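Here's the structure we're looking at; comments come further down.
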Amino acid sequence: MDNLMLNKKFIVLLVCLFVVMTGYGVLLPVLPFFIERLVASAGNGNTDISFHFSILTAIYPFALVFTAPFWGKVSDRTGPRALIILGLGGYSFMQIMIAFSTNLAMLYSARILGSLLSSFLVPVVNAYISNITTEKKRTRAIAWAGTAASAGVITGPGISGLLINNNLHFRWESGHWMIDRFSVPFLALAILGGITLVVSLFVLKRTKRVPATALRKLTFRIFPKGKWKSMGELLILSLTIQFAITLFESVFILYGKDVRNYSASFIGIGLLVCGLVMAILQPVIAKWGPLIFRNIKKQILYGFLIAGAVLMLFVLGQDTWYLITAIGIFGLGTSLVIPNLIALISLQENKSSGWALGMQSSFSGIGQIVGPLLGTAIYTLNSTAPFYVAGGILVLLAFIQFLNYKS
């Protein structure tokens, strides 16, 4: 591919990532307030909001852990187009279900079913990108994919903030379904997902199918023998960085709401800064980073060190500008890690990038599950401890990488 940004397929794949991560960006800052509204309407004032927040946040990556490796292998054999269409359809369906949720049971059902139908979309799209790029441009392409995902995350809070600031209330005549201001962002996402699905149908071409006889010979073993030696370290690093990111995001929302009494808008701004820094810096680092550190493993090392140090210093300052600056530097650290890790993993398994990136997403999903659950559990004991725990783990891993790099 001579010019990534002139390739129609590549642009549509970036749009897919943007749309999916916009859903994440819309949901995350609104979710505690959404749960609070559902609990209040049910008249159950003793419900633990943080508990439901952590579980609902973890459902999506939990589904990713179990679906990504399998669907990655399917993508390698049959082509990613059908899975991308299925994922976009599942994503749109989930948004509609969330929009019409009037109690916690409906909200849980929406997250579970929608996650099963769409959680594999990101690794399949990344595998598609890996397949249409050369090794030389792989890191840059993955960085742009990270930019699209980060742009979705940072756009989401703005969309939710804009669309929930209204007094819309609609009821069907039967009175069983209600649309209020919390429903509007999710309906908008469903429409956006549907449009992206239609565009993908026309732009992403069908790929050659593997004959049925070959498909019958497939063994869908999750982790083939001998792969851990080449992939293990990179997968553990993927798990850890996602653990730190999701712990930070979930605990920051609760910390800002409960300890600092921040509004949903300011919490959204904090997440916006982190995502904006990641969106801008990932392609910049992919292009210019090798001029500073030729070995991208060294970039990953410093990324862990920066992100970990900032997390441990995060709660020491009281000024809001201090917090915003710290969030931005944390975004810098993660930008040094994520695209380089994904590129290294895809290059390790060039002939089965779907499986490799599926495994990467699966391990990242484990981090995304453990991060909110462990973070909120520690938060209930001490509101600042999660930042020290996550930061300490990242700094320790940076030190271990440094020792391996020297040896």
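Quick note on naming: the chains in the structure tokens go A, B, ... in the order shown, residues restart at 1 in each chain, and ligands are numbered from 1 in order of appearance.
Excluding Val395 in chain A itself and same-chain residues fewer than 3 positions from it, the residues having an atom within 8 Å of it are Phe304, Leu305, Gly308, Ala309, Gly391, Gly392, Ala398 and Phe399 of chain A, counting only C-alpha atoms.
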| task | Name all residues at most 9 Å from Ile129 in chain A (count only C-alpha atoms; drop same-chain ones fewer than 6 positions away) and give them as a PyMOL selection string. | result | chain A and resi 9-10+13-14+138+141-142+145
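Nearest-residue note for Thr57 in chain A: choosing from A:Ile329, A:Leu234, A:Leu344, A:Pro372, the minimum distance belongs to A:Pro372, counting only C-alpha atoms.
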| message | Set the distance at 12 Å and use only C-alpha atoms: which residues neighbour Gly90 in chain A once local chain neighbours fewer than 3 positions away are removed? I'd like the list as a PyMOL selection string. | response | chain A and resi 20+83-87+93-97+110-121+190+193-194+197
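Using only C-alpha atoms for every distance, the candidate list A:Val370, A:Met231, A:Ile253, A:Leu204 yields A:Leu204 as the residue closest to Val12 in chain A.
When CA of Ile11 in chain A is paired with CA of Gly146 in chain A, their separation reads 13.0 Å.
With only C-alpha atoms taken into account, the protein and nucleic acid residues at most 8 Å from Val26 in chain A (excluding it and anything under 6 positions from it in its own chain) are Val153, Thr155, Gly156, Pro157, Gly158, Ile159, Ser160, Pro185 and Phe186 of chain A.
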| field | Close residues, Leu281 in chain A itself excluded, 7 Å, only C-alpha atoms, min 4 positions apart in chain, as a ChimeraX atom specification | value | /A:277,285,332,335
| For Ile59 in chain A, the nearest of the candidates A:Pro386, A:Ile366, A:Arg81, A:Ile269, counting only C-alpha atoms | A:Ile366
From range 80-195 of chain A, collect each residue whose DSSP state is helix (DSSP H, G or I) and return the set as a PDB file with N, CA and C atoms, in the first residue's frame.
```
ATOM      1  N   ARG A  81     -14.476 -10.021   6.466  1.00  0.00           N
ATOM      2  CA  ARG A  81     -15.605  -9.164   6.080  1.00  0.00           C
ATOM      3  C   ARG A  81     -16.897  -9.548   6.803  1.00  0.00           C
ATOM      4  N   ALA A  82     -17.250 -10.829   6.768  1.00  0.00           N
ATOM      5  CA  ALA A  82     -18.512 -11.270   7.380  1.00  0.00           C
ATOM      6  C   ALA A  82     -18.524 -10.989   8.883  1.00  0.00           C
ATOM      7  N   LEU A  83     -17.366 -11.175   9.527  1.00  0.00           N
ATOM      8  CA  LEU A  83     -17.298 -10.930  10.970  1.00  0.00           C
ATOM      9  C   LEU A  83     -17.432  -9.439  11.284  1.00  0.00           C
ATOM     10  N   ILE A  84     -16.877  -8.603  10.421  1.00  0.00           N
ATOM     11  CA  ILE A  84     -17.014  -7.159  10.624  1.00  0.00           C
ATOM     12  C   ILE A  84     -18.478  -6.743  10.494  1.00  0.00           C
ATOM     13  N   ILE A  85     -19.184  -7.294   9.509  1.00  0.00           N
ATOM     14  CA  ILE A  85     -20.602  -6.986   9.334  1.00  0.00           C
ATOM     15  C   ILE A  85     -21.403  -7.460  10.545  1.00  0.00           C
ATOM     16  N   LEU A  86     -21.121  -8.703  10.993  1.00  0.00           N
ATOM     17  CA  LEU A  86     -21.800  -9.238  12.172  1.00  0.00           C
ATOM     18  C   LEU A  86     -21.535  -8.373  13.398  1.00  0.00           C
ATOM     19  N   GLY A  87     -20.266  -7.974  13.567  1.00  0.00           N
ATOM     20  CA  GLY A  87     -19.918  -7.150  14.727  1.00  0.00           C
ATOM     21  C   GLY A  87     -20.617  -5.810  14.727  1.00  0.00           C
ATOM     22  N   LEU A  88     -20.692  -5.158  13.578  1.00  0.00           N
ATOM     23  CA  LEU A  88     -21.376  -3.864  13.492  1.00  0.00           C
ATOM     24  C   LEU A  88     -22.874  -4.020  13.756  1.00  0.00           C
ATOM     25  N   GLY A  89     -23.461  -5.124  13.254  1.00  0.00           N
ATOM     26  CA  GLY A  89     -24.865  -5.379  13.532  1.00  0.00           C
ATOM     27  C   GLY A  89     -25.106  -5.607  15.014  1.00  0.00           C
ATOM     28  N   GLY A  90     -24.232  -6.389  15.648  1.00  0.00           N
ATOM     29  CA  GLY A  90     -24.355  -6.622  17.084  1.00  0.00           C
ATOM     30  C   GLY A  90     -24.167  -5.356  17.896  1.00  0.00           C
ATOM     31  N   TYR A  91     -23.245  -4.529  17.452  1.00  0.00           N
ATOM     32  CA  TYR A  91     -22.997  -3.246  18.127  1.00  0.00           C
ATOM     33  C   TYR A  91     -24.237  -2.352  18.079  1.00  0.00           C
ATOM     34  N   SER A  92     -24.833  -2.218  16.907  1.00  0.00           N
ATOM     35  CA  SER A  92     -26.021  -1.373  16.754  1.00  0.00           C
ATOM     36  C   SER A  92     -27.179  -1.909  17.585  1.00  0.00           C
ATOM     37  N   PHE A  93     -27.323  -3.241  17.581  1.00  0.00           N
ATOM     38  CA  PHE A  93     -28.394  -3.869  18.361  1.00  0.00           C
ATOM     39  C   PHE A  93     -28.209  -3.597  19.850  1.00  0.00           C
ATOM     40  N   MET A  94     -26.963  -3.667  20.330  1.00  0.00           N
ATOM     41  CA  MET A  94     -26.694  -3.399  21.741  1.00  0.00           C
ATOM     42  C   MET A  94     -27.076  -1.975  22.123  1.00  0.00           C
ATOM     43  N   GLN A  95     -26.753  -1.005  21.261  1.00  0.00           N
ATOM     44  CA  GLN A  95     -27.075   0.387  21.570  1.00  0.00           C
ATOM     45  C   GLN A  95     -28.590   0.595  21.687  1.00  0.00           C
ATOM     46  N   ILE A  96     -29.344  -0.054  20.811  1.00  0.00           N
ATOM     47  CA  ILE A  96     -30.802   0.059  20.865  1.00  0.00           C
ATOM     48  C   ILE A  96     -31.326  -0.541  22.168  1.00  0.00           C
ATOM     49  N   MET A  97     -30.783  -1.696  22.556  1.00  0.00           N
ATOM     50  CA  MET A  97     -31.225  -2.344  23.790  1.00  0.00           C
ATOM     51  C   MET A  97     -30.918  -1.479  25.013  1.00  0.00           C
ATOM     52  N   ILE A  98     -29.730  -0.866  25.018  1.00  0.00           N
ATOM     53  CA  ILE A  98     -29.376   0.014  26.140  1.00  0.00           C
ATOM     54  C   ILE A  98     -30.311   1.211  26.186  1.00  0.00           C
ATOM     55  N   ALA A  99     -30.597   1.783  25.031  1.00  0.00           N
ATOM     56  CA  ALA A  99     -31.459   2.968  24.976  1.00  0.00           C
ATOM     57  C   ALA A  99     -32.824   2.702  25.578  1.00  0.00           C
ATOM     58  N   LEU A 104     -32.242  -2.492  35.719  1.00  0.00           N
ATOM     59  CA  LEU A 104     -30.900  -3.053  35.672  1.00  0.00           C
ATOM     60  C   LEU A 104     -30.848  -4.380  34.914  1.00  0.00           C
ATOM     61  N   ALA A 105     -31.905  -5.180  35.016  1.00  0.00           N
ATOM     62  CA  ALA A 105     -31.931  -6.463  34.315  1.00  0.00           C
ATOM     63  C   ALA A 105     -31.843  -6.256  32.805  1.00  0.00           C
ATOM     64  N   MET A 106     -32.565  -5.267  32.289  1.00  0.00           N
ATOM     65  CA  MET A 106     -32.520  -4.975  30.861  1.00  0.00           C
ATOM     66  C   MET A 106     -31.145  -4.453  30.454  1.00  0.00           C
ATOM     67  N   LEU A 107     -30.551  -3.628  31.305  1.00  0.00           N
ATOM     68  CA  LEU A 107     -29.234  -3.077  31.010  1.00  0.00           C
ATOM     69  C   LEU A 107     -28.181  -4.184  30.960  1.00  0.00           C
ATOM     70  N   TYR A 108     -28.258  -5.116  31.916  1.00  0.00           N
ATOM     71  CA  TYR A 108     -27.339  -6.253  31.915  1.00  0.00           C
ATOM     72  C   TYR A 108     -27.537  -7.119  30.676  1.00  0.00           C
ATOM     73  N   SER A 109     -28.786  -7.367  30.308  1.00  0.00           N
ATOM     74  CA  SER A 109     -29.078  -8.177  29.120  1.00  0.00           C
ATOM     75  C   SER A 109     -28.503  -7.531  27.867  1.00  0.00           C
ATOM     76  N   ALA A 110     -28.648  -6.210  27.774  1.00  0.00           N
ATOM     77  CA  ALA A 110     -28.129  -5.482  26.619  1.00  0.00           C
ATOM     78  C   ALA A 110     -26.622  -5.610  26.526  1.00  0.00           C
ATOM     79  N   ARG A 111     -25.935  -5.448  27.643  1.00  0.00           N
ATOM     80  CA  ARG A 111     -24.471  -5.526  27.639  1.00  0.00           C
ATOM     81  C   ARG A 111     -23.977  -6.938  27.322  1.00  0.00           C
ATOM     82  N   ILE A 112     -24.629  -7.944  27.895  1.00  0.00           N
ATOM     83  CA  ILE A 112     -24.184  -9.321  27.685  1.00  0.00           C
ATOM     84  C   ILE A 112     -24.393  -9.738  26.234  1.00  0.00           C
ATOM     85  N   LEU A 113     -25.612  -9.581  25.735  1.00  0.00           N
ATOM     86  CA  LEU A 113     -25.920 -10.008  24.373  1.00  0.00           C
ATOM     87  C   LEU A 113     -25.133  -9.187  23.349  1.00  0.00           C
ATOM     88  N   GLY A 114     -25.096  -7.872  23.534  1.00  0.00           N
ATOM     89  CA  GLY A 114     -24.368  -7.010  22.610  1.00  0.00           C
ATOM     90  C   GLY A 114     -22.882  -7.299  22.602  1.00  0.00           C
ATOM     91  N   SER A 115     -22.327  -7.616  23.767  1.00  0.00           N
ATOM     92  CA  SER A 115     -20.898  -7.919  23.852  1.00  0.00           C
ATOM     93  C   SER A 115     -20.562  -9.213  23.124  1.00  0.00           C
ATOM     94  N   LEU A 116     -21.406 -10.220  23.260  1.00  0.00           N
ATOM     95  CA  LEU A 116     -21.179 -11.487  22.571  1.00  0.00           C
ATOM     96  C   LEU A 116     -21.218 -11.315  21.059  1.00  0.00           C
ATOM     97  N   LEU A 117     -22.046 -10.382  20.584  1.00  0.00           N
ATOM     98  CA  LEU A 117     -22.216 -10.181  19.151  1.00  0.00           C
ATOM     99  C   LEU A 117     -21.204  -9.219  18.533  1.00  0.00           C
ATOM    100  N   SER A 118     -20.490  -8.458  19.362  1.00  0.00           N
ATOM    101  CA  SER A 118     -19.637  -7.419  18.772  1.00  0.00           C
ATOM    102  C   SER A 118     -18.243  -7.302  19.375  1.00  0.00           C
ATOM    103  N   LEU A 121     -15.014  -7.520  17.221  1.00  0.00           N
ATOM    104  CA  LEU A 121     -14.880  -6.640  16.057  1.00  0.00           C
ATOM    105  C   LEU A 121     -13.514  -5.964  15.992  1.00  0.00           C
ATOM    106  N   VAL A 122     -13.022  -5.449  17.114  1.00  0.00           N
ATOM    107  CA  VAL A 122     -11.754  -4.713  17.110  1.00  0.00           C
ATOM    108  C   VAL A 122     -10.576  -5.598  16.681  1.00  0.00           C
ATOM    109  N   PRO A 123     -10.391  -6.798  17.266  1.00  0.00           N
ATOM    110  CA  PRO A 123      -9.254  -7.611  16.792  1.00  0.00           C
ATOM    111  C   PRO A 123      -9.388  -8.050  15.339  1.00  0.00           C
ATOM    112  N   VAL A 124     -10.614  -8.307  14.874  1.00  0.00           N
ATOM    113  CA  VAL A 124     -10.798  -8.702  13.475  1.00  0.00           C
ATOM    114  C   VAL A 124     -10.438  -7.539  12.542  1.00  0.00           C
ATOM    115  N   VAL A 125     -10.841  -6.314  12.907  1.00  0.00           N
ATOM    116  CA  VAL A 125     -10.482  -5.148  12.100  1.00  0.00           C
ATOM    117  C   VAL A 125      -8.970  -4.951  12.098  1.00  0.00           C
ATOM    118  N   ASN A 126      -8.337  -5.097  13.255  1.00  0.00           N
ATOM    119  CA  ASN A 126      -6.876  -4.962  13.318  1.00  0.00           C
ATOM    120  C   ASN A 126      -6.183  -6.026  12.476  1.00  0.00           C
ATOM    121  N   ALA A 127      -6.744  -7.246  12.468  1.00  0.00           N
ATOM    122  CA  ALA A 127      -6.173  -8.302  11.635  1.00  0.00           C
ATOM    123  C   ALA A 127      -6.311  -7.958  10.155  1.00  0.00           C
ATOM    124  N   TYR A 128      -7.449  -7.406   9.772  1.00  0.00           N
ATOM    125  CA  TYR A 128      -7.664  -6.986   8.387  1.00  0.00           C
ATOM    126  C   TYR A 128      -6.628  -5.930   7.996  1.00  0.00           C
ATOM    127  N   ILE A 129      -6.424  -4.953   8.884  1.00  0.00           N
ATOM    128  CA  ILE A 129      -5.428  -3.915   8.633  1.00  0.00           C
ATOM    129  C   ILE A 129      -4.038  -4.528   8.495  1.00  0.00           C
ATOM    130  N   SER A 130      -3.734  -5.484   9.365  1.00  0.00           N
ATOM    131  CA  SER A 130      -2.436  -6.151   9.305  1.00  0.00           C
ATOM    132  C   SER A 130      -2.245  -6.872   7.970  1.00  0.00           C
ATOM    133  N   ASN A 131      -3.331  -7.461   7.461  1.00  0.00           N
ATOM    134  CA  ASN A 131      -3.245  -8.226   6.214  1.00  0.00           C
ATOM    135  C   ASN A 131      -3.036  -7.347   4.983  1.00  0.00           C
ATOM    136  N   GLU A 135       5.080  -5.158   6.145  1.00  0.00           N
ATOM    137  CA  GLU A 135       5.748  -5.152   7.451  1.00  0.00           C
ATOM    138  C   GLU A 135       6.325  -3.779   7.764  1.00  0.00           C
ATOM    139  N   LYS A 136       6.828  -3.111   6.754  1.00  0.00           N
ATOM    140  CA  LYS A 136       7.449  -1.801   6.946  1.00  0.00           C
ATOM    141  C   LYS A 136       6.453  -0.768   7.464  1.00  0.00           C
ATOM    142  N   LYS A 137       5.194  -0.876   7.003  1.00  0.00           N
ATOM    143  CA  LYS A 137       4.184   0.111   7.379  1.00  0.00           C
ATOM    144  C   LYS A 137       3.236  -0.390   8.461  1.00  0.00           C
ATOM    145  N   ARG A 138       3.502  -1.589   9.000  1.00  0.00           N
ATOM    146  CA  ARG A 138       2.586  -2.198   9.954  1.00  0.00           C
ATOM    147  C   ARG A 138       2.405  -1.354  11.214  1.00  0.00           C
ATOM    148  N   THR A 139       3.513  -0.919  11.805  1.00  0.00           N
ATOM    149  CA  THR A 139       3.418  -0.138  13.038  1.00  0.00           C
ATOM    150  C   THR A 139       2.654   1.160  12.801  1.00  0.00           C
ATOM    151  N   ARG A 140       2.930   1.804  11.677  1.00  0.00           N
ATOM    152  CA  ARG A 140       2.241   3.064  11.363  1.00  0.00           C
ATOM    153  C   ARG A 140       0.746   2.837  11.167  1.00  0.00           C
ATOM    154  N   ALA A 141       0.392   1.753  10.466  1.00  0.00           N
ATOM    155  CA  ALA A 141      -1.024   1.452  10.235  1.00  0.00           C
ATOM    156  C   ALA A 141      -1.733   1.150  11.540  1.00  0.00           C
ATOM    157  N   ILE A 142      -1.090   0.351  12.401  1.00  0.00           N
ATOM    158  CA  ILE A 142      -1.685   0.024  13.695  1.00  0.00           C
ATOM    159  C   ILE A 142      -1.808   1.274  14.557  1.00  0.00           C
ATOM    160  N   ALA A 143      -0.838   2.189  14.443  1.00  0.00           N
ATOM    161  CA  ALA A 143      -0.910   3.445  15.196  1.00  0.00           C
ATOM    162  C   ALA A 143      -2.116   4.264  14.755  1.00  0.00           C
ATOM    163  N   TRP A 144      -2.372   4.293  13.431  1.00  0.00           N
ATOM    164  CA  TRP A 144      -3.561   5.004  12.952  1.00  0.00           C
ATOM    165  C   TRP A 144      -4.831   4.320  13.441  1.00  0.00           C
ATOM    166  N   ALA A 145      -4.790   2.990  13.531  1.00  0.00           N
ATOM    167  CA  ALA A 145      -5.943   2.272  14.088  1.00  0.00           C
ATOM    168  C   ALA A 145      -6.153   2.673  15.548  1.00  0.00           C
ATOM    169  N   GLY A 146      -5.042   2.787  16.282  1.00  0.00           N
ATOM    170  CA  GLY A 146      -5.144   3.248  17.666  1.00  0.00           C
ATOM    171  C   GLY A 146      -5.665   4.666  17.757  1.00  0.00           C
ATOM    172  N   THR A 147      -5.270   5.495  16.802  1.00  0.00           N
ATOM    173  CA  THR A 147      -5.774   6.870  16.755  1.00  0.00           C
ATOM    174  C   THR A 147      -7.282   6.890  16.526  1.00  0.00           C
ATOM    175  N   ALA A 148      -7.749   6.048  15.590  1.00  0.00           N
ATOM    176  CA  ALA A 148      -9.192   5.981  15.326  1.00  0.00           C
ATOM    177  C   ALA A 148      -9.948   5.536  16.567  1.00  0.00           C
ATOM    178  N   ALA A 149      -9.402   4.512  17.257  1.00  0.00           N
ATOM    179  CA  ALA A 149     -10.050   4.029  18.476  1.00  0.00           C
ATOM    180  C   ALA A 149     -10.048   5.107  19.564  1.00  0.00           C
ATOM    181  N   SER A 150      -8.904   5.767  19.737  1.00  0.00           N
ATOM    182  CA  SER A 150      -8.810   6.824  20.752  1.00  0.00           C
ATOM    183  C   SER A 150      -9.721   8.002  20.415  1.00  0.00           C
ATOM    184  N   ALA A 151      -9.809   8.327  19.136  1.00  0.00           N
ATOM    185  CA  ALA A 151     -10.696   9.409  18.717  1.00  0.00           C
ATOM    186  C   ALA A 151     -12.140   9.076  19.045  1.00  0.00           C
ATOM    187  N   GLY A 152     -12.508   7.801  18.900  1.00  0.00           N
ATOM    188  CA  GLY A 152     -13.852   7.382  19.272  1.00  0.00           C
ATOM    189  C   GLY A 152     -14.092   7.545  20.759  1.00  0.00           C
ATOM    190  N   VAL A 153     -13.099   7.146  21.555  1.00  0.00           N
ATOM    191  CA  VAL A 153     -13.225   7.259  23.011  1.00  0.00           C
ATOM    192  C   VAL A 153     -13.383   8.719  23.439  1.00  0.00           C
ATOM    193  N   ILE A 154     -12.606   9.612  22.813  1.00  0.00           N
ATOM    194  CA  ILE A 154     -12.663  11.009  23.229  1.00  0.00           C
ATOM    195  C   ILE A 154     -13.894  11.712  22.674  1.00  0.00           C
ATOM    196  N   THR A 155     -14.416  11.237  21.542  1.00  0.00           N
ATOM    197  CA  THR A 155     -15.623  11.841  20.979  1.00  0.00           C
ATOM    198  C   THR A 155     -16.856  11.424  21.768  1.00  0.00           C
ATOM    199  N   GLY A 156     -16.820  10.198  22.296  1.00  0.00           N
ATOM    200  CA  GLY A 156     -17.975   9.669  23.020  1.00  0.00           C
ATOM    201  C   GLY A 156     -18.479  10.551  24.150  1.00  0.00           C
ATOM    202  N   PRO A 157     -17.601  10.967  25.091  1.00  0.00           N
ATOM    203  CA  PRO A 157     -18.086  11.830  26.165  1.00  0.00           C
ATOM    204  C   PRO A 157     -18.696  13.135  25.666  1.00  0.00           C
ATOM    205  N   GLY A 158     -18.123  13.684  24.598  1.00  0.00           N
ATOM    206  CA  GLY A 158     -18.708  14.906  24.034  1.00  0.00           C
ATOM    207  C   GLY A 158     -20.097  14.659  23.478  1.00  0.00           C
ATOM    208  N   ILE A 159     -20.279  13.536  22.799  1.00  0.00           N
ATOM    209  CA  ILE A 159     -21.601  13.186  22.270  1.00  0.00           C
ATOM    210  C   ILE A 159     -22.600  12.988  23.395  1.00  0.00           C
ATOM    211  N   SER A 160     -22.186  12.240  24.423  1.00  0.00           N
ATOM    212  CA  SER A 160     -23.105  11.988  25.533  1.00  0.00           C
ATOM    213  C   SER A 160     -23.442  13.283  26.261  1.00  0.00           C
ATOM    214  N   GLY A 161     -22.414  14.135  26.488  1.00  0.00           N
ATOM    215  CA  GLY A 161     -22.670  15.404  27.166  1.00  0.00           C
ATOM    216  C   GLY A 161     -23.624  16.298  26.396  1.00  0.00           C
ATOM    217  N   LEU A 162     -23.480  16.286  25.065  1.00  0.00           N
ATOM    218  CA  LEU A 162     -24.336  17.110  24.220  1.00  0.00           C
ATOM    219  C   LEU A 162     -25.762  16.575  24.181  1.00  0.00           C
ATOM    220  N   LEU A 163     -25.907  15.271  24.035  1.00  0.00           N
ATOM    221  CA  LEU A 163     -27.227  14.692  23.802  1.00  0.00           C
ATOM    222  C   LEU A 163     -28.044  14.441  25.066  1.00  0.00           C
ATOM    223  N   ILE A 164     -27.391  14.328  26.231  1.00  0.00           N
ATOM    224  CA  ILE A 164     -28.185  14.131  27.448  1.00  0.00           C
ATOM    225  C   ILE A 164     -28.665  15.449  28.043  1.00  0.00           C
ATOM    226  N   VAL A 184     -31.012   8.965  24.335  1.00  0.00           N
ATOM    227  CA  VAL A 184     -30.725   9.597  23.049  1.00  0.00           C
ATOM    228  C   VAL A 184     -29.320   9.286  22.514  1.00  0.00           C
ATOM    229  N   PRO A 185     -28.247   9.350  23.337  1.00  0.00           N
ATOM    230  CA  PRO A 185     -26.917   9.047  22.791  1.00  0.00           C
ATOM    231  C   PRO A 185     -26.817   7.642  22.213  1.00  0.00           C
ATOM    232  N   PHE A 186     -27.478   6.693  22.831  1.00  0.00           N
ATOM    233  CA  PHE A 186     -27.386   5.309  22.376  1.00  0.00           C
ATOM    234  C   PHE A 186     -28.182   5.086  21.091  1.00  0.00           C
ATOM    235  N   LEU A 187     -29.284   5.781  20.944  1.00  0.00           N
ATOM    236  CA  LEU A 187     -30.019   5.718  19.680  1.00  0.00           C
ATOM    237  C   LEU A 187     -29.190   6.330  18.548  1.00  0.00           C
ATOM    238  N   ALA A 188     -28.484   7.424  18.865  1.00  0.00           N
ATOM    239  CA  ALA A 188     -27.604   8.044  17.853  1.00  0.00           C
ATOM    240  C   ALA A 188     -26.486   7.089  17.449  1.00  0.00           C
ATOM    241  N   LEU A 189     -25.932   6.347  18.420  1.00  0.00           N
ATOM    242  CA  LEU A 189     -24.881   5.383  18.119  1.00  0.00           C
ATOM    243  C   LEU A 189     -25.406   4.229  17.263  1.00  0.00           C
ATOM    244  N   ALA A 190     -26.640   3.803  17.532  1.00  0.00           N
ATOM    245  CA  ALA A 190     -27.236   2.728  16.734  1.00  0.00           C
ATOM    246  C   ALA A 190     -27.364   3.145  15.273  1.00  0.00           C
ATOM    247  N   ILE A 191     -27.765   4.389  15.053  1.00  0.00           N
ATOM    248  CA  ILE A 191     -27.878   4.905  13.679  1.00  0.00           C
ATOM    249  C   ILE A 191     -26.498   4.973  13.025  1.00  0.00           C
ATOM    250  N   LEU A 192     -25.502   5.474  13.776  1.00  0.00           N
ATOM    251  CA  LEU A 192     -24.137   5.570  13.260  1.00  0.00           C
ATOM    252  C   LEU A 192     -23.584   4.190  12.916  1.00  0.00           C
ATOM    253  N   GLY A 193     -23.844   3.215  13.788  1.00  0.00           N
ATOM    254  CA  GLY A 193     -23.393   1.854  13.522  1.00  0.00           C
ATOM    255  C   GLY A 193     -24.053   1.261  12.295  1.00  0.00           C
ATOM    256  N   GLY A 194     -25.349   1.550  12.105  1.00  0.00           N
ATOM    257  CA  GLY A 194     -26.056   1.050  10.929  1.00  0.00           C
ATOM    258  C   GLY A 194     -25.511   1.634   9.634  1.00  0.00           C
ATOM    259  N   ILE A 195     -25.205   2.920   9.663  1.00  0.00           N
ATOM    260  CA  ILE A 195     -24.635   3.559   8.464  1.00  0.00           C
ATOM    261  C   ILE A 195     -23.275   2.954   8.132  1.00  0.00           C
TER     262      ILE A 195
END
```
